[in-house]
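As provided, entry_27.cif (mmCIF, C-alpha atoms) reads as follows.
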```
data_target
loop_
_atom_site.group_PDB
_atom_site.id
_atom_site.type_symbol
_atom_site.label_atom_id
_atom_site.label_comp_id
_atom_site.auth_asym_id
_atom_site.auth_seq_id
_atom_site.Cartn_x
_atom_site.Cartn_y
_atom_site.Cartn_z
ATOM 1 C CA MET A 1 135.712 -58.081 87.879
ATOM 2 C CA ALA A 2 137.865 -55.078 87.123
ATOM 3 C CA GLU A 3 137.241 -51.884 89.010
ATOM 4 C CA ARG A 4 135.106 -49.444 87.060
ATOM 5 C CA LYS A 5 137.118 -46.492 85.870
ATOM 6 C CA THR A 6 136.020 -42.917 86.458
ATOM 7 C CA LEU A 7 136.893 -40.080 84.110
ATOM 8 C CA THR A 8 136.062 -36.403 84.393
ATOM 9 C CA PHE A 9 135.777 -33.968 81.515
ATOM 10 C CA ALA A 10 135.573 -30.219 81.966
ATOM 11 C CA LEU A 11 133.875 -28.592 78.988
ATOM 12 C CA MET A 12 133.748 -24.889 78.220
ATOM 13 C CA ASP A 13 132.489 -24.447 74.651
ATOM 14 C CA THR A 14 129.014 -23.335 73.702
ATOM 15 C CA PRO A 15 126.980 -25.586 71.360
ATOM 16 C CA TYR A 16 127.316 -25.388 67.569
ATOM 17 C CA GLU A 17 130.416 -23.181 67.497
ATOM 18 C CA SER A 18 133.468 -25.387 67.775
ATOM 19 C CA ALA A 19 134.747 -28.780 66.720
ATOM 20 C CA ARG A 20 135.899 -29.135 70.316
ATOM 21 C CA THR A 21 132.311 -29.862 71.322
ATOM 22 C CA THR A 22 132.052 -32.656 68.765
ATOM 23 C CA THR A 23 135.325 -34.174 69.908
ATOM 24 C CA ALA A 24 134.345 -33.886 73.561
ATOM 25 C CA LEU A 25 131.049 -35.646 72.941
ATOM 26 C CA ARG A 26 132.864 -38.342 70.954
ATOM 27 C CA LEU A 27 135.192 -38.936 73.917
ATOM 28 C CA ILE A 28 132.276 -39.153 76.329
ATOM 29 C CA ASP A 29 130.564 -41.547 73.937
ATOM 30 C CA ILE A 30 133.571 -43.873 73.937
ATOM 31 C CA ALA A 31 133.833 -43.825 77.722
ATOM 32 C CA THR A 32 130.128 -44.462 78.271
ATOM 33 C CA ARG A 33 130.157 -47.328 75.749
ATOM 34 C CA ARG A 34 132.839 -48.932 77.908
ATOM 35 C CA GLY A 35 130.666 -48.619 80.981
ATOM 36 C CA TYR A 36 132.923 -46.146 82.732
ATOM 37 C CA ALA A 37 131.677 -43.644 85.253
ATOM 38 C CA VAL A 38 131.896 -40.339 83.457
ATOM 39 C CA ASN A 39 131.675 -36.939 85.070
ATOM 40 C CA VAL A 40 131.178 -33.773 83.089
ATOM 41 C CA PHE A 41 131.637 -30.350 84.589
ATOM 42 C CA ALA A 42 130.201 -27.859 82.112
ATOM 43 C CA TYR A 43 131.103 -24.239 82.581
ATOM 44 C CA GLU A 44 130.842 -21.001 80.616
ATOM 45 C CA GLY A 45 128.988 -21.627 77.332
ATOM 46 C CA ALA A 46 128.995 -25.401 77.743
ATOM 47 C CA VAL A 47 126.157 -25.131 80.257
ATOM 48 C CA MET A 48 123.905 -24.643 77.231
ATOM 49 C CA LEU A 49 124.673 -28.109 75.866
ATOM 50 C CA PRO A 50 121.823 -29.736 77.873
ATOM 51 C CA PHE A 51 119.496 -26.694 77.769
ATOM 52 C CA SER A 52 116.023 -28.206 77.532
ATOM 53 C CA ARG A 53 114.454 -25.416 75.459
ATOM 54 C CA GLN A 54 116.609 -26.093 72.407
ATOM 55 C CA GLN A 55 114.325 -26.456 69.403
ATOM 56 C CA PRO A 56 114.820 -28.064 66.006
ATOM 57 C CA HIS A 57 114.226 -25.785 63.069
ATOM 58 C CA ARG A 58 113.379 -25.971 59.404
ATOM 59 C CA ASN A 59 115.833 -24.988 56.693
ATOM 60 C CA ALA A 60 114.172 -22.470 54.415
ATOM 61 C CA VAL A 61 117.194 -22.181 52.133
ATOM 62 C CA ARG A 62 117.101 -25.870 51.273
ATOM 63 C CA GLY A 63 113.339 -26.149 51.493
ATOM 64 C CA ARG A 64 113.361 -28.701 54.280
ATOM 65 C CA ASN A 65 110.784 -28.856 57.030
ATOM 66 C CA VAL A 66 111.684 -29.662 60.627
ATOM 67 C CA GLU A 67 111.499 -33.429 60.121
ATOM 68 C CA GLU A 68 113.503 -33.374 56.908
ATOM 69 C CA GLU A 69 116.154 -31.115 58.404
ATOM 70 C CA ASN A 70 116.479 -33.470 61.402
ATOM 71 C CA HIS A 71 118.543 -30.888 63.228
ATOM 72 C CA LEU A 72 120.920 -32.295 65.813
ATOM 73 C CA LEU A 73 120.244 -30.897 69.265
ATOM 74 C CA THR A 74 122.977 -31.204 71.849
ATOM 75 C CA LYS A 75 120.403 -31.704 74.615
ATOM 76 C CA ASP A 76 119.355 -34.907 72.817
ATOM 77 C CA VAL A 77 122.984 -36.009 72.514
ATOM 78 C CA VAL A 78 123.524 -35.501 76.239
ATOM 79 C CA ALA A 79 120.334 -37.449 77.015
ATOM 80 C CA ALA A 80 121.424 -40.259 74.699
ATOM 81 C CA LEU A 81 124.840 -40.411 76.357
ATOM 82 C CA MET A 82 123.195 -40.673 79.770
ATOM 83 C CA GLU A 83 121.069 -43.549 78.499
ATOM 84 C CA MET A 84 124.104 -45.209 76.959
ATOM 85 C CA ALA A 85 126.028 -44.966 80.210
ATOM 86 C CA ALA A 86 123.186 -46.535 82.184
ATOM 87 C CA ARG A 87 122.718 -49.276 79.585
ATOM 88 C CA ASN A 88 126.378 -50.243 79.848
ATOM 89 C CA GLY A 89 126.491 -50.286 83.625
ATOM 90 C CA GLY A 90 128.129 -46.913 83.963
ATOM 91 C CA LYS A 91 126.916 -43.443 84.759
ATOM 92 C CA LEU A 92 127.107 -39.983 83.258
ATOM 93 C CA ASP A 93 127.005 -37.347 85.973
ATOM 94 C CA TRP A 94 126.567 -33.984 84.243
ATOM 95 C CA VAL A 95 127.119 -30.938 86.439
ATOM 96 C CA ASN A 96 126.348 -27.468 85.136
ATOM 97 C CA CYS A 97 128.151 -24.571 86.774
ATOM 98 C CA GLY A 98 125.363 -22.644 88.479
ATOM 99 C CA LEU A 99 127.043 -19.270 88.156
ATOM 100 C CA CYS A 100 127.453 -19.785 84.415
ATOM 101 C CA VAL A 101 123.837 -20.949 84.129
ATOM 102 C CA ASP A 102 122.496 -17.882 85.908
ATOM 103 C CA GLU A 103 124.608 -15.503 83.847
ATOM 104 C CA ARG A 104 123.090 -16.955 80.693
ATOM 105 C CA GLY A 105 119.556 -17.570 81.935
ATOM 106 C CA VAL A 106 119.632 -21.208 80.902
ATOM 107 C CA GLY A 107 118.477 -22.860 84.094
ATOM 108 C CA GLU A 108 116.136 -25.290 82.347
ATOM 109 C CA ALA A 109 118.217 -28.369 81.696
ATOM 110 C CA ILE A 110 117.177 -31.871 80.699
ATOM 111 C CA GLU A 111 116.496 -34.446 83.376
ATOM 112 C CA GLY A 112 119.618 -35.841 84.965
ATOM 113 C CA VAL A 113 121.649 -32.655 84.802
ATOM 114 C CA ARG A 114 122.463 -31.165 88.174
ATOM 115 C CA ARG A 115 123.559 -27.738 89.223
ATOM 116 C CA GLY A 116 126.910 -27.292 90.901
ATOM 117 C CA SER A 117 129.810 -24.991 91.552
ATOM 118 C CA PRO A 118 133.538 -24.990 90.886
ATOM 119 C CA ALA A 119 133.873 -26.804 94.204
ATOM 120 C CA ASP A 120 132.046 -29.720 92.598
ATOM 121 C CA LEU A 121 134.656 -29.826 89.866
ATOM 122 C CA TRP A 122 137.280 -30.301 92.546
ATOM 123 C CA LYS A 123 135.270 -33.118 94.121
ATOM 124 C CA LEU A 124 134.778 -34.815 90.750
ATOM 125 C CA VAL A 125 138.468 -34.586 89.971
ATOM 126 C CA GLU A 126 139.404 -35.974 93.371
ATOM 127 C CA ALA A 127 137.122 -38.972 92.815
ATOM 128 C CA SER A 128 138.364 -39.682 89.276
ATOM 129 C CA ASP A 129 141.110 -41.784 87.784
ATOM 130 C CA ASN A 130 141.872 -38.931 85.425
ATOM 131 C CA THR A 131 140.574 -35.591 84.160
ATOM 132 C CA LEU A 132 140.702 -33.845 80.821
ATOM 133 C CA VAL A 133 140.024 -30.124 80.592
ATOM 134 C CA ILE A 134 138.874 -29.020 77.151
ATOM 135 C CA GLY A 135 138.931 -25.264 77.380
ATOM 136 C CA THR A 136 138.066 -22.633 74.837
ATOM 137 C CA ARG A 137 141.185 -20.903 73.600
ATOM 138 C CA MET B 1 158.632 -42.824 83.912
ATOM 139 C CA ALA B 2 155.783 -40.357 83.692
ATOM 140 C CA ARG B 3 153.276 -40.636 80.875
ATOM 141 C CA TYR B 4 152.005 -37.584 79.048
ATOM 142 C CA LEU B 5 149.252 -37.161 76.503
ATOM 143 C CA ILE B 6 149.382 -33.906 74.600
ATOM 144 C CA ILE B 7 146.309 -33.347 72.440
ATOM 145 C CA GLY B 8 146.908 -30.887 69.624
ATOM 146 C CA SER B 9 143.668 -29.570 68.153
ATOM 147 C CA ARG B 10 144.893 -26.426 66.441
ATOM 148 C CA CYS B 11 146.458 -25.915 63.066
ATOM 149 C CA SER B 12 149.825 -24.307 63.614
ATOM 150 C CA PHE B 13 149.475 -22.463 60.293
ATOM 151 C CA ALA B 14 146.336 -20.603 61.310
ATOM 152 C CA ALA B 15 146.779 -20.188 65.016
ATOM 153 C CA GLY B 16 149.421 -17.488 64.603
ATOM 154 C CA GLU B 17 151.220 -18.625 67.694
ATOM 155 C CA ALA B 18 154.255 -20.578 68.676
ATOM 156 C CA ASP B 19 153.703 -24.278 68.357
ATOM 157 C CA PHE B 20 152.979 -24.945 71.994
ATOM 158 C CA CYS B 21 152.539 -28.677 71.561
ATOM 159 C CA ARG B 22 155.810 -29.094 69.721
ATOM 160 C CA ASP B 23 157.752 -27.137 72.333
ATOM 161 C CA LEU B 24 156.134 -29.045 75.146
ATOM 162 C CA VAL B 25 156.806 -32.518 73.808
ATOM 163 C CA CYS B 26 160.379 -31.528 72.926
ATOM 164 C CA ARG B 27 160.954 -30.711 76.561
ATOM 165 C CA LEU B 28 159.118 -33.696 77.991
ATOM 166 C CA ALA B 29 160.385 -36.532 75.839
ATOM 167 C CA PRO B 30 164.129 -36.307 76.563
ATOM 168 C CA ALA B 31 163.448 -36.332 80.308
ATOM 169 C CA ASP B 32 162.687 -40.039 80.302
ATOM 170 C CA ASN B 33 158.952 -39.548 79.895
ATOM 171 C CA ARG B 34 156.598 -41.514 77.685
ATOM 172 C CA VAL B 35 154.966 -38.875 75.508
ATOM 173 C CA THR B 36 152.095 -39.232 73.060
ATOM 174 C CA LEU B 37 151.131 -36.362 70.783
ATOM 175 C CA PHE B 38 147.582 -36.919 69.568
ATOM 176 C CA LEU B 39 146.530 -34.647 66.700
ATOM 177 C CA VAL B 40 142.823 -33.982 66.301
ATOM 178 C CA GLN B 41 140.513 -31.579 64.416
ATOM 179 C CA ASN B 42 142.589 -29.007 62.501
ATOM 180 C CA GLY B 43 145.609 -30.239 64.400
ATOM 181 C CA VAL B 44 145.941 -32.976 61.773
ATOM 182 C CA LEU B 45 146.566 -30.522 58.917
ATOM 183 C CA PRO B 46 150.305 -30.037 59.579
ATOM 184 C CA ALA B 47 150.685 -33.833 59.648
ATOM 185 C CA ARG B 48 150.404 -34.000 55.858
ATOM 186 C CA ALA B 49 153.534 -34.982 54.010
ATOM 187 C CA GLY B 50 155.067 -31.887 52.507
ATOM 188 C CA ALA B 51 153.317 -29.444 54.805
ATOM 189 C CA ARG B 52 155.683 -26.495 54.918
ATOM 190 C CA GLY B 53 157.618 -25.988 58.133
ATOM 191 C CA SER B 54 155.845 -28.671 60.066
ATOM 192 C CA SER B 55 158.124 -31.672 60.101
ATOM 193 C CA PHE B 56 157.384 -34.078 62.903
ATOM 194 C CA ALA B 57 160.476 -36.168 62.175
ATOM 195 C CA ASP B 58 162.464 -34.579 65.001
ATOM 196 C CA LEU B 59 159.738 -35.504 67.474
ATOM 197 C CA ALA B 60 159.610 -39.091 66.303
ATOM 198 C CA CYS B 61 163.400 -39.277 66.641
ATOM 199 C CA ILE B 62 163.263 -38.416 70.332
ATOM 200 C CA GLY B 63 160.687 -41.112 70.970
ATOM 201 C CA VAL B 64 157.433 -39.196 70.811
ATOM 202 C CA GLU B 65 154.491 -41.304 69.713
ATOM 203 C CA ILE B 66 152.601 -39.217 67.149
ATOM 204 C CA LEU B 67 149.029 -40.177 66.356
ATOM 205 C CA ALA B 68 146.420 -38.499 64.163
ATOM 206 C CA ASP B 69 142.693 -38.910 64.759
ATOM 207 C CA ASP B 70 141.355 -41.009 61.891
ATOM 208 C CA PHE B 71 137.970 -39.256 61.965
ATOM 209 C CA SER B 72 139.590 -35.814 61.664
ATOM 210 C CA LEU B 73 141.704 -37.108 58.787
ATOM 211 C CA ARG B 74 138.644 -38.447 56.948
ATOM 212 C CA GLU B 75 136.735 -35.200 57.520
ATOM 213 C CA ARG B 76 139.553 -33.322 55.806
ATOM 214 C CA GLY B 77 140.129 -35.809 53.006
ATOM 215 C CA ILE B 78 143.596 -36.766 54.191
ATOM 216 C CA SER B 79 144.419 -40.388 53.513
ATOM 217 C CA SER B 80 146.884 -42.233 55.712
ATOM 218 C CA ASP B 81 149.391 -42.553 52.874
ATOM 219 C CA ARG B 82 149.647 -38.754 52.762
ATOM 220 C CA LEU B 83 150.924 -38.443 56.311
ATOM 221 C CA GLN B 84 154.493 -37.679 57.250
ATOM 222 C CA PRO B 85 156.619 -40.671 58.250
ATOM 223 C CA GLY B 86 156.280 -41.456 61.923
ATOM 224 C CA ILE B 87 152.658 -40.322 62.185
ATOM 225 C CA THR B 88 150.072 -43.050 62.599
ATOM 226 C CA PRO B 89 146.305 -42.765 62.167
ATOM 227 C CA ALA B 90 144.487 -43.789 65.323
ATOM 228 C CA ALA B 91 141.010 -43.949 66.731
ATOM 229 C CA LEU B 92 139.968 -41.444 69.365
ATOM 230 C CA ASP B 93 139.717 -44.407 71.717
ATOM 231 C CA VAL B 94 143.449 -44.019 72.278
ATOM 232 C CA VAL B 95 142.778 -40.840 74.248
ATOM 233 C CA ILE B 96 140.453 -42.714 76.571
ATOM 234 C CA ASP B 97 143.002 -45.552 76.841
ATOM 235 C CA ARG B 98 145.722 -43.142 77.877
ATOM 236 C CA LEU B 99 143.487 -41.340 80.352
ATOM 237 C CA VAL B 100 142.565 -44.626 81.983
ATOM 238 C CA ASP B 101 146.247 -45.555 82.097
ATOM 239 C CA GLY B 102 146.870 -42.417 84.121
ATOM 240 C CA ALA B 103 148.659 -40.243 81.581
ATOM 241 C CA LYS B 104 148.867 -36.565 82.397
ATOM 242 C CA ALA B 105 146.737 -35.026 79.687
ATOM 243 C CA ILE B 106 146.834 -31.543 78.243
ATOM 244 C CA TRP B 107 144.435 -30.304 75.597
ATOM 245 C CA ARG B 108 145.686 -27.524 73.391
#
```
Just give me the structure as structure tokens.
Amino acid sequence: MAERKTLTFALMDTPYESARTTTALRLIDIATRRGYAVNVFAYEGAVMLPFSRQQPHRNAVRGRNVEEENHLLTKDVVAALMEMAARNGGKLDWVNCGLCVDERGVGEAIEGVRRGSPADLWKLVEASDNTLVIGTR
Amino acid sequence: MARYLIIGSRCSFAAGEADFCRDLVCRLAPADNRVTLFLVQNGVLPARAGARGSSFADLACIGVEILADDFSLRERGISSDRLQPGITPAALDVVIDRLVDGAKAIWR
């Protein structure tokens, strides 16, 4: 059996503001579908991606209620990716930069997200086959 | 031979900056490196045939593999037959493939 690959992604963008977030989540999706071990180090605004108090909302302009609007929440995407990784024999280890979390007051993250520091990024990178940093411009 | 993956996510028309990706691959490719330029998001816009001042032909000539994310192309209504010669639509999976293969990756 081939050795399981480990990839690390460093994400910086806040939810709902950049196509980079969509692309990053697509990359993580591909890797977790393959059963890879995937590490994410989220820093700056990206620590809000798994923020557990995200709420769906209605769309008054289009006259849709909450169910009809079916608003995509990034916390649900992160949870789904964690489930996908586990289902395929891999793992998604999501580390939120604690300094960035405290600055933004977003300490309530979904289950499975852990708090870390830039030193954890170094450890993740050291333990990975490769790393991709997707920084905000 | 070192392998490089340069991911270009910005439209060179709008960014108002020197084309970092182009300069980088131009320097890397002749030095006996295997270089892939993967265009994604608005980075696919200059890949259209006829896009002013954005020919990729010189990059293809020096051996750069130029790929354009098929999802980003579809989002922007760009069909594969409207791409410049030498640019191939590709799934985002290629990025994961290259990462696993150990390519040095830079996102721009």
### Task
Show which residues sit within 7 Å of stretch 47-55 of chain B, as a ChimeraX atom specification. Count only C-alpha atoms, and ignore same-chain residues fewer than 5 positions away.
/B:82-84
### Message
I'd like the residues picked by the PyMOL selection byres ((chain A) within 9 of (chain B)) written out as a PyMOL selection string, using the chain letters and numbers from the file.
### Response
chain A and resi 5-7+19-20+23+26-28+30-31+129-135+137
Selection file, C-alpha atoms, as an mmCIF file, in the coordinates of the input:
```cif
data_model
loop_
_atom_site.group_PDB
_atom_site.id
_atom_site.type_symbol
_atom_site.label_atom_id
_atom_site.label_comp_id
_atom_site.auth_asym_id
_atom_site.auth_seq_id
_atom_site.Cartn_x
_atom_site.Cartn_y
_atom_site.Cartn_z
ATOM 1 C CA LYS A 5 137.118 -46.492 85.870
ATOM 2 C CA THR A 6 136.020 -42.917 86.458
ATOM 3 C CA LEU A 7 136.893 -40.080 84.110
ATOM 4 C CA ALA A 19 134.747 -28.780 66.720
ATOM 5 C CA ARG A 20 135.899 -29.135 70.316
ATOM 6 C CA THR A 23 135.325 -34.174 69.908
ATOM 7 C CA ARG A 26 132.864 -38.342 70.954
ATOM 8 C CA LEU A 27 135.192 -38.936 73.917
ATOM 9 C CA ILE A 28 132.276 -39.153 76.329
ATOM 10 C CA ILE A 30 133.571 -43.873 73.937
ATOM 11 C CA ALA A 31 133.833 -43.825 77.722
ATOM 12 C CA ASP A 129 141.110 -41.784 87.784
ATOM 13 C CA ASN A 130 141.872 -38.931 85.425
ATOM 14 C CA THR A 131 140.574 -35.591 84.160
ATOM 15 C CA LEU A 132 140.702 -33.845 80.821
ATOM 16 C CA VAL A 133 140.024 -30.124 80.592
ATOM 17 C CA ILE A 134 138.874 -29.020 77.151
ATOM 18 C CA GLY A 135 138.931 -25.264 77.380
ATOM 19 C CA ARG A 137 141.185 -20.903 73.600
#
```
Output, as lines of an AutoDock Vina configuration file, the centre and edge lengths in Å (one decimal) of the axis-aligned box that contains all listed atoms of stretch 26-30 of chain B with 8 Å of margin on each side.
```
center_x = 161.6
center_y = -33.6
center_z = 75.5
size_x = 21.0
size_y = 21.8
size_z = 21.1
```
### Pick from A:Leu73, A:Val38, A:Ala127, A:Leu49, whichever lies nearest to A:Ala86 using all atoms listed in the file
A:Val38
### Query
If you measure from atom CA of A:Asp76 to atom CA of A:Ala42, what distance in Å do you get, rounded to one decimal?
15.9 Å
### Message
Expand the PyMOL selection byres ((chain A and resi 108-114) around 8) into the explicit residue set it covers here, and present it as a ChimeraX atom specification.
### Response
/A:50-53,75,79,82,93-96,106-107,115-116
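The list of residues with at least one atom within 9 Å of stretch 28-37 of chain B, based on only C-alpha atoms and without residues fewer than 3 positions apart in the same chain, reads B:Met1, B:Ala2, B:Arg3, B:Tyr4, B:Leu5, B:Ile6, B:Ile7, B:Gly8, B:Cys21, B:Arg22, B:Asp23, B:Leu24, B:Val25, B:Leu59, B:Ile62, B:Gly63, B:Val64, B:Glu65, B:Ile66, B:Leu67, B:Ala68, B:Arg98, B:Ala103.
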### Message
the PyMOL selection byres ((chain A and resi 119-122) around 9) - which residues does that actually catch in the file I just gave you? List them as a ChimeraX atom specification.
### Response
/A:8,10,40-41,95,97,116-118,123-127
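Here atom CA of A:Thr74 stands at a distance of 18.9 Å from atom CA of A:Gly98.
Interatomic distance, atom CA of A:Thr32 against atom CA of B:Ser80: 28.2 Å.
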#### Entry: Nearest to A:Glu103, chosen from A:Gly45, A:Pro15, A:Gly63, A:Gly89, with only C-alpha atoms counted in the distances
A:Gly45
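Among the candidate residues B:Ser12, B:Leu39, B:Asp58, B:Pro46, the one lying nearest to B:Thr88 is B:Leu39, with distances computed using all atoms listed in the file.
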